[in-house]
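What follows is the content of work_16.tsv, which has TSV, C-alpha atoms:
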```
chain	number	residue	atom	x	y	z
T	59	GLY	CA	12.68	18.38	-8.34
T	60	PHE	CA	10.07	16.41	-6.40
T	61	SER	CA	6.49	17.20	-7.35
T	62	ALA	CA	4.59	15.20	-4.70
T	63	LEU	CA	5.03	14.37	-1.02
T	64	VAL	CA	4.38	10.89	0.41
T	65	VAL	CA	3.50	10.77	4.11
T	66	THR	CA	3.70	7.34	5.77
T	67	ILE	CA	1.27	6.97	8.68
T	68	ASP	CA	1.77	3.33	9.75
T	69	THR	CA	5.14	3.59	11.51
T	70	ALA	CA	4.28	5.16	14.84
T	71	VAL	CA	6.77	2.66	16.25
T	72	ALA	CA	8.94	0.06	14.56
T	73	GLY	CA	7.40	-3.39	14.21
T	74	MET	CA	8.90	-6.59	15.60
T	75	ARG	CA	11.50	-7.32	12.92
T	76	GLU	CA	12.58	-10.82	13.94
T	77	ARG	CA	15.03	-11.18	11.08
T	78	ASP	CA	16.75	-7.96	12.13
T	79	ILE	CA	17.03	-9.34	15.66
T	80	ARG	CA	18.60	-12.59	14.44
T	81	ASN	CA	21.05	-10.69	12.23
T	82	GLY	CA	22.00	-8.26	14.99
T	83	ALA	CA	20.87	-5.16	13.10
T	84	LYS	CA	20.45	-3.11	16.28
T	85	GLU	CA	23.86	-4.14	17.60
T	86	LEU	CA	25.62	-3.49	14.28
T	87	LEU	CA	24.11	-0.01	14.16
T	88	SER	CA	24.82	0.80	17.81
T	89	GLY	CA	28.44	1.88	17.38
T	90	ASN	CA	29.32	-0.11	20.51
T	91	LEU	CA	32.26	-2.39	19.69
T	92	ARG	CA	31.34	-4.93	22.37
T	93	GLU	CA	27.83	-5.33	20.91
T	94	ILE	CA	29.08	-5.40	17.32
T	95	LEU	CA	31.73	-8.13	17.70
T	96	PRO	CA	29.38	-11.17	17.95
T	97	PHE	CA	27.83	-10.26	14.59
T	98	VAL	CA	30.78	-8.80	12.69
T	99	ARG	CA	31.81	-12.13	11.15
T	100	GLN	CA	28.79	-12.17	8.84
T	101	LEU	CA	29.93	-8.90	7.27
T	102	PHE	CA	33.01	-10.59	5.85
T	103	THR	CA	31.09	-13.38	4.11
T	104	LYS	CA	30.39	-10.89	1.29
T	105	PRO	CA	33.67	-8.94	0.95
T	106	ARG	CA	32.88	-7.37	-2.42
T	107	TRP	CA	29.51	-6.15	-1.18
T	108	LEU	CA	31.07	-4.80	2.02
T	109	ALA	CA	33.76	-2.94	0.06
T	110	ALA	CA	31.17	-1.37	-2.25
T	111	PHE	CA	28.98	-0.47	0.74
T	112	LEU	CA	31.82	1.31	2.53
T	113	ALA	CA	32.99	3.02	-0.68
T	114	ASP	CA	29.48	4.39	-1.12
T	115	GLY	CA	29.61	6.06	2.28
T	116	GLY	CA	28.32	3.30	4.53
T	117	LEU	CA	25.04	3.79	6.38
T	118	MET	CA	22.76	6.31	4.75
T	119	LYS	CA	21.79	9.64	6.25
T	120	PHE	CA	18.44	11.38	5.88
T	121	ALA	CA	19.31	14.66	4.21
T	122	ASN	CA	15.71	15.86	4.58
T	123	VAL	CA	15.74	15.45	8.39
T	124	ILE	CA	18.18	17.89	9.97
T	125	ILE	CA	19.01	17.48	13.67
T	126	PRO	CA	19.98	20.85	15.21
T	127	GLY	CA	23.69	20.86	15.96
T	128	LYS	CA	24.22	17.40	14.42
T	129	GLY	CA	23.23	17.65	10.77
T	130	PRO	CA	21.31	14.99	8.79
T	131	MET	CA	19.73	12.20	10.84
T	132	LEU	CA	21.68	8.94	10.86
T	133	TYR	CA	19.92	5.76	9.81
T	134	ALA	CA	20.80	4.26	13.19
T	135	ASP	CA	18.74	6.97	14.93
T	136	VAL	CA	15.45	6.28	13.13
T	137	THR	CA	14.02	3.83	15.68
T	138	THR	CA	14.69	6.21	18.57
T	139	ALA	CA	13.18	9.11	16.64
T	140	LEU	CA	10.00	7.11	15.95
T	141	GLU	CA	9.62	6.16	19.60
T	142	GLN	CA	9.94	9.79	20.68
T	143	ALA	CA	7.64	11.22	18.03
T	144	VAL	CA	4.02	12.11	18.75
T	145	VAL	CA	2.12	12.53	15.49
T	146	SER	CA	-1.63	12.88	14.94
T	147	TRP	CA	-4.08	13.67	12.16
T	148	HIS	CA	-3.75	17.36	13.06
T	149	ASP	CA	-0.13	17.30	11.87
T	150	LEU	CA	-1.32	16.50	8.36
T	151	GLY	CA	-3.12	19.84	8.36
T	152	TRP	CA	0.19	21.55	9.12
T	153	ILE	CA	1.90	19.58	6.33
T	154	ARG	CA	-0.90	20.57	3.96
T	155	ASP	CA	-0.30	24.25	4.77
T	156	ALA	CA	3.49	23.91	4.38
T	157	TRP	CA	3.46	21.94	1.12
T	158	ASN	CA	1.81	23.30	-2.01
T	159	GLY	CA	2.07	20.13	-4.09
T	160	PRO	CA	0.07	16.89	-4.01
T	161	ILE	CA	0.15	14.85	-0.79
T	162	ILE	CA	-0.09	11.06	-0.88
T	163	ILE	CA	-0.98	9.31	2.38
T	164	LYS	CA	0.61	5.85	2.60
T	165	GLY	CA	-0.42	3.23	5.14
T	166	VAL	CA	-4.21	3.51	4.84
T	167	HIS	CA	-5.86	0.21	5.76
T	168	THR	CA	-9.50	0.98	6.59
T	169	GLY	CA	-12.33	2.95	5.05
T	170	GLU	CA	-12.47	5.22	8.10
T	171	ASP	CA	-8.80	6.20	7.81
T	172	ALA	CA	-9.23	6.71	4.08
T	173	ARG	CA	-12.00	9.26	4.62
T	174	ARG	CA	-10.04	11.07	7.34
T	175	ALA	CA	-6.99	11.29	5.10
T	176	VAL	CA	-9.03	12.82	2.29
T	177	ASP	CA	-10.73	15.23	4.70
T	178	VAL	CA	-7.37	16.63	5.84
T	179	GLY	CA	-6.22	17.24	2.27
T	180	ALA	CA	-4.78	14.04	0.79
T	181	ASN	CA	-4.70	13.99	-3.00
T	182	ALA	CA	-4.11	10.24	-3.21
T	183	LEU	CA	-3.98	7.21	-0.91
T	184	VAL	CA	-1.80	4.12	-0.77
T	185	VAL	CA	-3.50	1.05	0.70
T	186	SER	CA	-0.59	-0.52	2.56
T	187	ASN	CA	0.23	-2.68	5.58
T	188	HIS	CA	3.95	-1.87	5.34
T	189	GLY	CA	4.67	-5.23	3.77
T	190	GLY	CA	3.35	-7.01	6.86
T	191	ARG	CA	6.44	-5.79	8.75
T	192	GLN	CA	4.55	-3.66	11.27
T	193	LEU	CA	1.55	-5.63	12.54
T	194	ASP	CA	1.92	-9.01	10.90
T	195	GLY	CA	-1.62	-10.24	11.56
T	196	VAL	CA	-3.46	-7.58	9.56
T	197	ALA	CA	-5.40	-8.38	6.40
T	198	PRO	CA	-3.65	-8.31	3.01
T	199	THR	CA	-3.93	-5.00	1.21
T	200	LEU	CA	-5.66	-6.58	-1.78
T	201	GLN	CA	-8.43	-7.65	0.58
T	202	MET	CA	-8.80	-4.15	2.05
T	203	LEU	CA	-8.78	-2.35	-1.30
T	204	PRO	CA	-12.58	-2.62	-1.91
T	205	GLU	CA	-13.36	-1.07	1.48
T	206	VAL	CA	-11.07	1.89	0.87
T	207	LEU	CA	-12.41	2.42	-2.65
T	208	SER	CA	-15.97	2.34	-1.40
T	209	ALA	CA	-15.17	4.83	1.36
T	210	VAL	CA	-13.63	7.52	-0.86
T	211	GLY	CA	-15.29	6.87	-4.21
T	212	ASP	CA	-13.69	8.94	-6.93
T	213	ARG	CA	-12.58	11.79	-4.64
T	214	VAL	CA	-8.91	10.75	-4.89
T	215	GLU	CA	-6.74	8.21	-6.64
T	216	VAL	CA	-6.12	4.99	-4.71
T	217	LEU	CA	-2.89	3.04	-5.10
T	218	LEU	CA	-1.84	-0.26	-3.52
T	219	ASP	CA	1.33	-1.86	-2.26
T	220	GLY	CA	2.17	-5.09	-0.49
T	221	GLY	CA	2.59	-8.53	-2.03
T	222	ILE	CA	3.54	-7.29	-5.50
T	223	ARG	CA	5.96	-10.02	-6.59
T	224	ARG	CA	4.78	-10.75	-10.14
T	225	GLY	CA	3.17	-8.96	-13.04
T	226	SER	CA	0.02	-10.96	-12.34
T	227	ASP	CA	-0.16	-9.33	-8.90
T	228	ILE	CA	-0.26	-5.93	-10.60
T	229	VAL	CA	-3.11	-7.14	-12.82
T	230	LYS	CA	-5.13	-8.30	-9.80
T	231	ALA	CA	-4.78	-4.92	-8.10
T	232	LEU	CA	-5.79	-3.01	-11.23
T	233	CYS	CA	-8.77	-5.31	-11.76
T	234	LEU	CA	-10.00	-4.52	-8.25
T	235	GLY	CA	-9.78	-0.78	-8.88
T	236	ALA	CA	-6.30	0.39	-7.86
T	237	ARG	CA	-4.95	3.22	-10.00
T	238	ALA	CA	-1.39	1.88	-9.74
T	239	VAL	CA	0.82	-0.24	-7.48
T	240	LEU	CA	4.03	0.34	-5.54
T	241	THR	CA	6.79	-2.20	-5.02
T	242	GLY	CA	9.33	-2.41	-2.21
T	243	ARG	CA	11.09	-5.75	-2.00
T	244	ALA	CA	11.25	-6.25	-5.77
T	245	TYR	CA	13.36	-3.19	-6.46
T	246	ALA	CA	15.28	-3.55	-3.18
T	247	TYR	CA	16.41	-7.05	-4.15
T	248	GLY	CA	17.59	-5.76	-7.50
T	249	LEU	CA	19.34	-2.81	-5.88
T	250	GLY	CA	21.12	-5.01	-3.36
T	251	ALA	CA	22.22	-7.48	-6.02
T	252	ALA	CA	23.40	-5.17	-8.80
T	253	GLY	CA	22.77	-1.53	-7.98
T	254	GLU	CA	20.97	0.60	-10.57
T	255	VAL	CA	21.23	-2.15	-13.18
T	256	GLY	CA	19.51	-4.52	-10.77
T	257	VAL	CA	16.61	-2.11	-10.23
T	258	THR	CA	16.16	-1.77	-13.98
T	259	ARG	CA	16.17	-5.55	-14.33
T	260	ALA	CA	13.60	-5.99	-11.54
T	261	ILE	CA	11.25	-3.55	-13.28
T	262	GLU	CA	11.77	-5.36	-16.59
T	263	ILE	CA	10.83	-8.68	-14.97
T	264	LEU	CA	7.60	-7.21	-13.59
T	265	ARG	CA	6.77	-5.51	-16.88
T	266	THR	CA	7.40	-8.67	-18.92
T	267	ASP	CA	5.21	-10.75	-16.63
T	268	LEU	CA	2.50	-8.07	-16.70
T	269	ILE	CA	2.41	-8.16	-20.51
T	270	ARG	CA	2.44	-11.97	-20.52
T	271	THR	CA	-0.49	-12.04	-18.09
T	272	LEU	CA	-2.49	-9.62	-20.25
T	273	LYS	CA	-1.89	-11.78	-23.32
T	274	LEU	CA	-2.94	-14.95	-21.51
T	275	LEU	CA	-6.11	-13.18	-20.37
T	276	GLY	CA	-6.83	-12.04	-23.91
T	277	CYS	CA	-6.72	-8.42	-22.76
T	278	ALA	CA	-5.17	-5.86	-25.11
T	279	SER	CA	-4.38	-3.21	-22.50
T	280	ILE	CA	-4.52	-2.48	-18.77
T	281	ALA	CA	-7.14	0.11	-19.73
T	282	HIS	CA	-9.51	-2.80	-20.39
T	283	LEU	CA	-9.01	-4.57	-17.07
T	284	ASP	CA	-11.97	-4.97	-14.74
T	285	ARG	CA	-13.09	-7.43	-12.10
T	286	SER	CA	-14.45	-9.87	-14.70
T	287	PHE	CA	-10.86	-11.05	-15.22
T	288	ILE	CA	-10.44	-12.30	-11.65
T	289	ASP	CA	-12.24	-14.70	-9.35
T	290	PHE	CA	-13.05	-12.75	-6.21
T	291	PRO	CA	-15.01	-14.24	-3.27
T	292	ALA	CA	-18.42	-12.58	-3.50
T	293	GLU	CA	-19.42	-13.69	0.00
T	294	TRP	CA	-16.39	-11.96	1.50
T	295	LEU	CA	-17.01	-8.83	-0.54
T	296	ARG	CA	-20.65	-8.72	0.56
T	297	LYS	CA	-19.59	-8.92	4.20
T	298	GLN	CA	-16.82	-6.38	3.70
T	299	LEU	CA	-19.14	-3.80	2.18
T	300	CYS	CA	-22.24	-4.25	4.29
T	301	ASP	CA	-21.22	-5.63	7.67
T	302	SER	CA	-18.29	-3.29	8.22
T	303	PRO	CA	-19.27	-0.38	10.52
T	304	GLN	CA	-16.95	1.95	8.60
T	305	ILE	CA	-18.66	1.19	5.32
T	306	ARG	CA	-22.19	1.41	6.76
T	307	LYS	CA	-21.39	5.01	7.74
T	308	SER	CA	-19.88	5.80	4.35
T	309	PRO	CA	-21.58	8.65	2.45
T	310	HIS	CA	-20.56	7.05	-0.83
T	311	PRO	CA	-23.62	6.11	-2.95
T	312	ASP	CA	-22.29	2.60	-3.53
T	313	THR	CA	-23.22	1.65	0.03
T	314	LYS	CA	-26.78	2.98	0.10
T	315	ASN	CA	-28.10	-0.42	-0.98
T	316	CYS	CA	-26.85	-2.18	2.16
T	317	GLY	CA	-29.83	-3.09	4.27
T	318	ASN	CA	-32.64	-1.91	2.01
T	319	ASP	CA	-32.03	-3.37	-1.44
T	320	LYS	CA	-32.70	-6.87	-2.74
T	321	ARG	CA	-29.78	-6.68	-5.14
T	322	ASP	CA	-26.55	-8.48	-4.41
T	323	PRO	CA	-24.67	-5.74	-2.48
T	324	ALA	CA	-21.33	-6.85	-3.87
T	325	GLN	CA	-22.69	-6.45	-7.38
T	326	ALA	CA	-24.31	-3.14	-6.46
T	327	HIS	CA	-20.95	-1.83	-5.23
T	328	TRP	CA	-19.11	-2.69	-8.41
T	329	ASN	CA	-21.96	-1.44	-10.58
T	330	GLY	CA	-21.84	1.85	-8.72
T	331	MET	CA	-18.18	2.28	-9.58
T	332	GLY	CA	-19.19	2.56	-13.24
T	333	ALA	CA	-16.65	3.31	-15.92
T	334	ASN	CA	-13.27	4.27	-14.54
T	335	ARG	CA	-11.62	6.57	-17.04
T	336	ASP	CA	-8.10	5.72	-15.93
T	337	LEU	CA	-8.46	1.94	-15.78
T	338	GLY	CA	-11.16	1.50	-18.39
T	339	MET	CA	-13.40	-0.42	-16.01
T	340	VAL	CA	-16.54	-1.60	-17.74
T	341	ASP	CA	-19.74	0.19	-16.78
T	342	GLN	CA	-22.12	-2.48	-15.55
T	343	SER	CA	-24.79	-0.13	-14.25
T	344	GLU	CA	-27.73	-2.12	-15.64
T	345	GLU	CA	-30.17	-3.25	-13.01
T	346	VAL	CA	-29.15	-6.57	-11.53
T	347	THR	CA	-32.11	-8.60	-10.38
T	348	GLN	CA	-31.58	-11.66	-8.30
T	349	GLU	CA	-34.22	-13.67	-6.50
T	350	LYS	CA	-32.94	-13.97	-2.95
T	351	ASN	CA	-34.60	-15.04	0.22
T	352	SER	CA	-34.24	-12.29	2.80
T	353	GLU	CA	-32.62	-14.73	5.20
T	354	ASP	CA	-29.86	-15.38	2.67
T	355	ASP	CA	-29.22	-11.75	1.89
T	356	ALA	CA	-26.31	-10.66	4.10
T	357	CYS	CA	-27.32	-7.03	3.76
T	358	ASP	CA	-31.05	-7.44	4.28
T	359	ALA	CA	-32.27	-5.46	7.27
```

Here is the file; what I need is its structure written in the form of structure tokens.
Amino acid sequence: GFSALVVTIDTAVAGMRERDIRNGAKELLSGNLREILPFVRQLFTKPRWLAAFLADGGLMKFANVIIPGKGPMLYADVTTALEQAVVSWHDLGWIRDAWNGPIIIKGVHTGEDARRAVDVGANALVVSNHGGRQLDGVAPTLQMLPEVLSAVGDRVEVLLDGGIRRGSDIVKALCLGARAVLTGRAYAYGLGAAGEVGVTRAIEILRTDLIRTLKLLGCASIAHLDRSFIDFPAEWLRKQLCDSPQIRKSPHPDTKNCGNDKRDPAQAHWNGMGANRDLGMVDQSEEVTQEKNSEDDACDA
């Protein structure tokens, strides 16, 4: 019954999960009794949870990944499988040929990767840093969203995940141009605490806070959200759009003003986005004239 395929591209290897190391996740999954024993005591601190976990079948299996002669891949084998896998952009072409439905590429974090993903057949992108659990020093996804949007224009829909903890976080992402957001920890916390009911409750909390935020902003609908509702550092945006080598090479018309236009490049970028039919972004395409000394213009050649 699935209508779209999500391909994650930012897990070539597992990141350094320090909490997993402290909790003995690798040892508990190893199946080796000697390695398990030092950590087994913590399992019995939550007896009801442990009983429900075992009654539900214990560790999950990946029914969509069949190992010849063994059946579905065990959760404990994922790390080894990642380390042994060799995947490149060419594999996305094979996936495109094998799958007739929409393909969503998750894990895009630069304008260059965004364009490559679209070129190989992606129908949508998810700007994601895997919750900061892969390479923990990378920039927040909200910060990278403008670069990705500028790189692909309106060729595909762009979604965002990472750092979505409140309804106000959803509003910020939509204001900056994301079509929608994804959540990971929010629903996982609800699932771990109360199963399906917990997931429903987590979504209700986000939805309630989203509506509250819209009311406090005086905004009747998410269709009316645009960047005027948020305070975004213009200096950073100017640098992001005009100093980035990926963006300078972008064929998108929003970037043509970098280096040869006296307008504020950040303003030029957002003006170029125009009216977004899905998000109702306000068209601000009127000429913006600002008296700037060429030495102060970050994009002046």

| field | Counting only C-alpha atoms, the residue of T:Gly151, T:Pro105, T:Pro291, T:Gly225 that sits nearest Asp267 in chain T | value |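 For Asp267 in chain T, the nearest of the candidates is T:Gly225.
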
| said: When you count only C-alpha atoms, which of these residues is closest to Val214 in chain T: T:Gly248, T:Gly242, T:Pro160, T:Gly195? | reply: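 Counting only C-alpha atoms, the residue closest to Val214 in chain T is T:Pro160.
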
Counting all atoms listed in the file, find residues at most 9 Å from (22.7, 4.4, 20.3) (file frame) and give them as a tab-separated table (two decimals) with C-alpha atoms, in the coordinates of the input.
```tsv
chain	number	residue	atom	x	y	z
T	84	LYS	CA	20.45	-3.11	16.28
T	87	LEU	CA	24.11	-0.01	14.16
T	88	SER	CA	24.82	0.80	17.81
T	89	GLY	CA	28.44	1.88	17.38
T	90	ASN	CA	29.32	-0.11	20.51
T	134	ALA	CA	20.80	4.26	13.19
T	135	ASP	CA	18.74	6.97	14.93
T	138	THR	CA	14.69	6.21	18.57
```

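When CA of Arg285 in chain T is paired with CA of Asp212 in chain T, their separation reads 17.2 Å.
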
| message | Neighbouring residues of Trp157 in chain T were defined as those with any atom within 12 Å, considering all atoms listed in the file; residues of the same chain fewer than 2 positions away were excluded. Please report them as number ranges by chain. | response | T: 60-65, 150-155, 159-162, 179-180

| task | Skip Cys233 in chain T itself and residues of its chain fewer than 2 positions away, then list as a list of chain:residue names all residues within 7 Å of it, counting all atoms listed in the file. | result | T:Val229, T:Lys230, T:Ala231, T:Gly235, T:Leu283, T:Asp284, T:Arg285

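Nearest residue to Arg265 in chain T among T:Arg173, T:Ile125, T:Ile222, T:Val144 is T:Ile222, counting all atoms listed in the file.
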
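Here CA of Leu240 in chain T stands at a distance of 27.0 Å from CA of Asn81 in chain T.
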
| What is the distance, in Å and to one decimal place, between CA of Ala260 in chain T and CA of Val136 in chain T? |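 Between these atoms lies a distance of 27.6 Å.
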
| said: Under the rule that all atoms listed in the file are counted, which of T:Leu264, T:Val166, T:Ala109, T:Leu234 is the nearest residue to Asp289 in chain T? | reply: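 Among T:Leu264, T:Val166, T:Ala109, T:Leu234, it is T:Leu234 that comes nearest to Asp289 in chain T.
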
| said: Just checking: using only C-alpha atoms, which residue out of T:Gly115, T:Ala246, T:Ala175, T:Thr258 ends up closest to Asp149 in chain T? | reply: T:Ala175
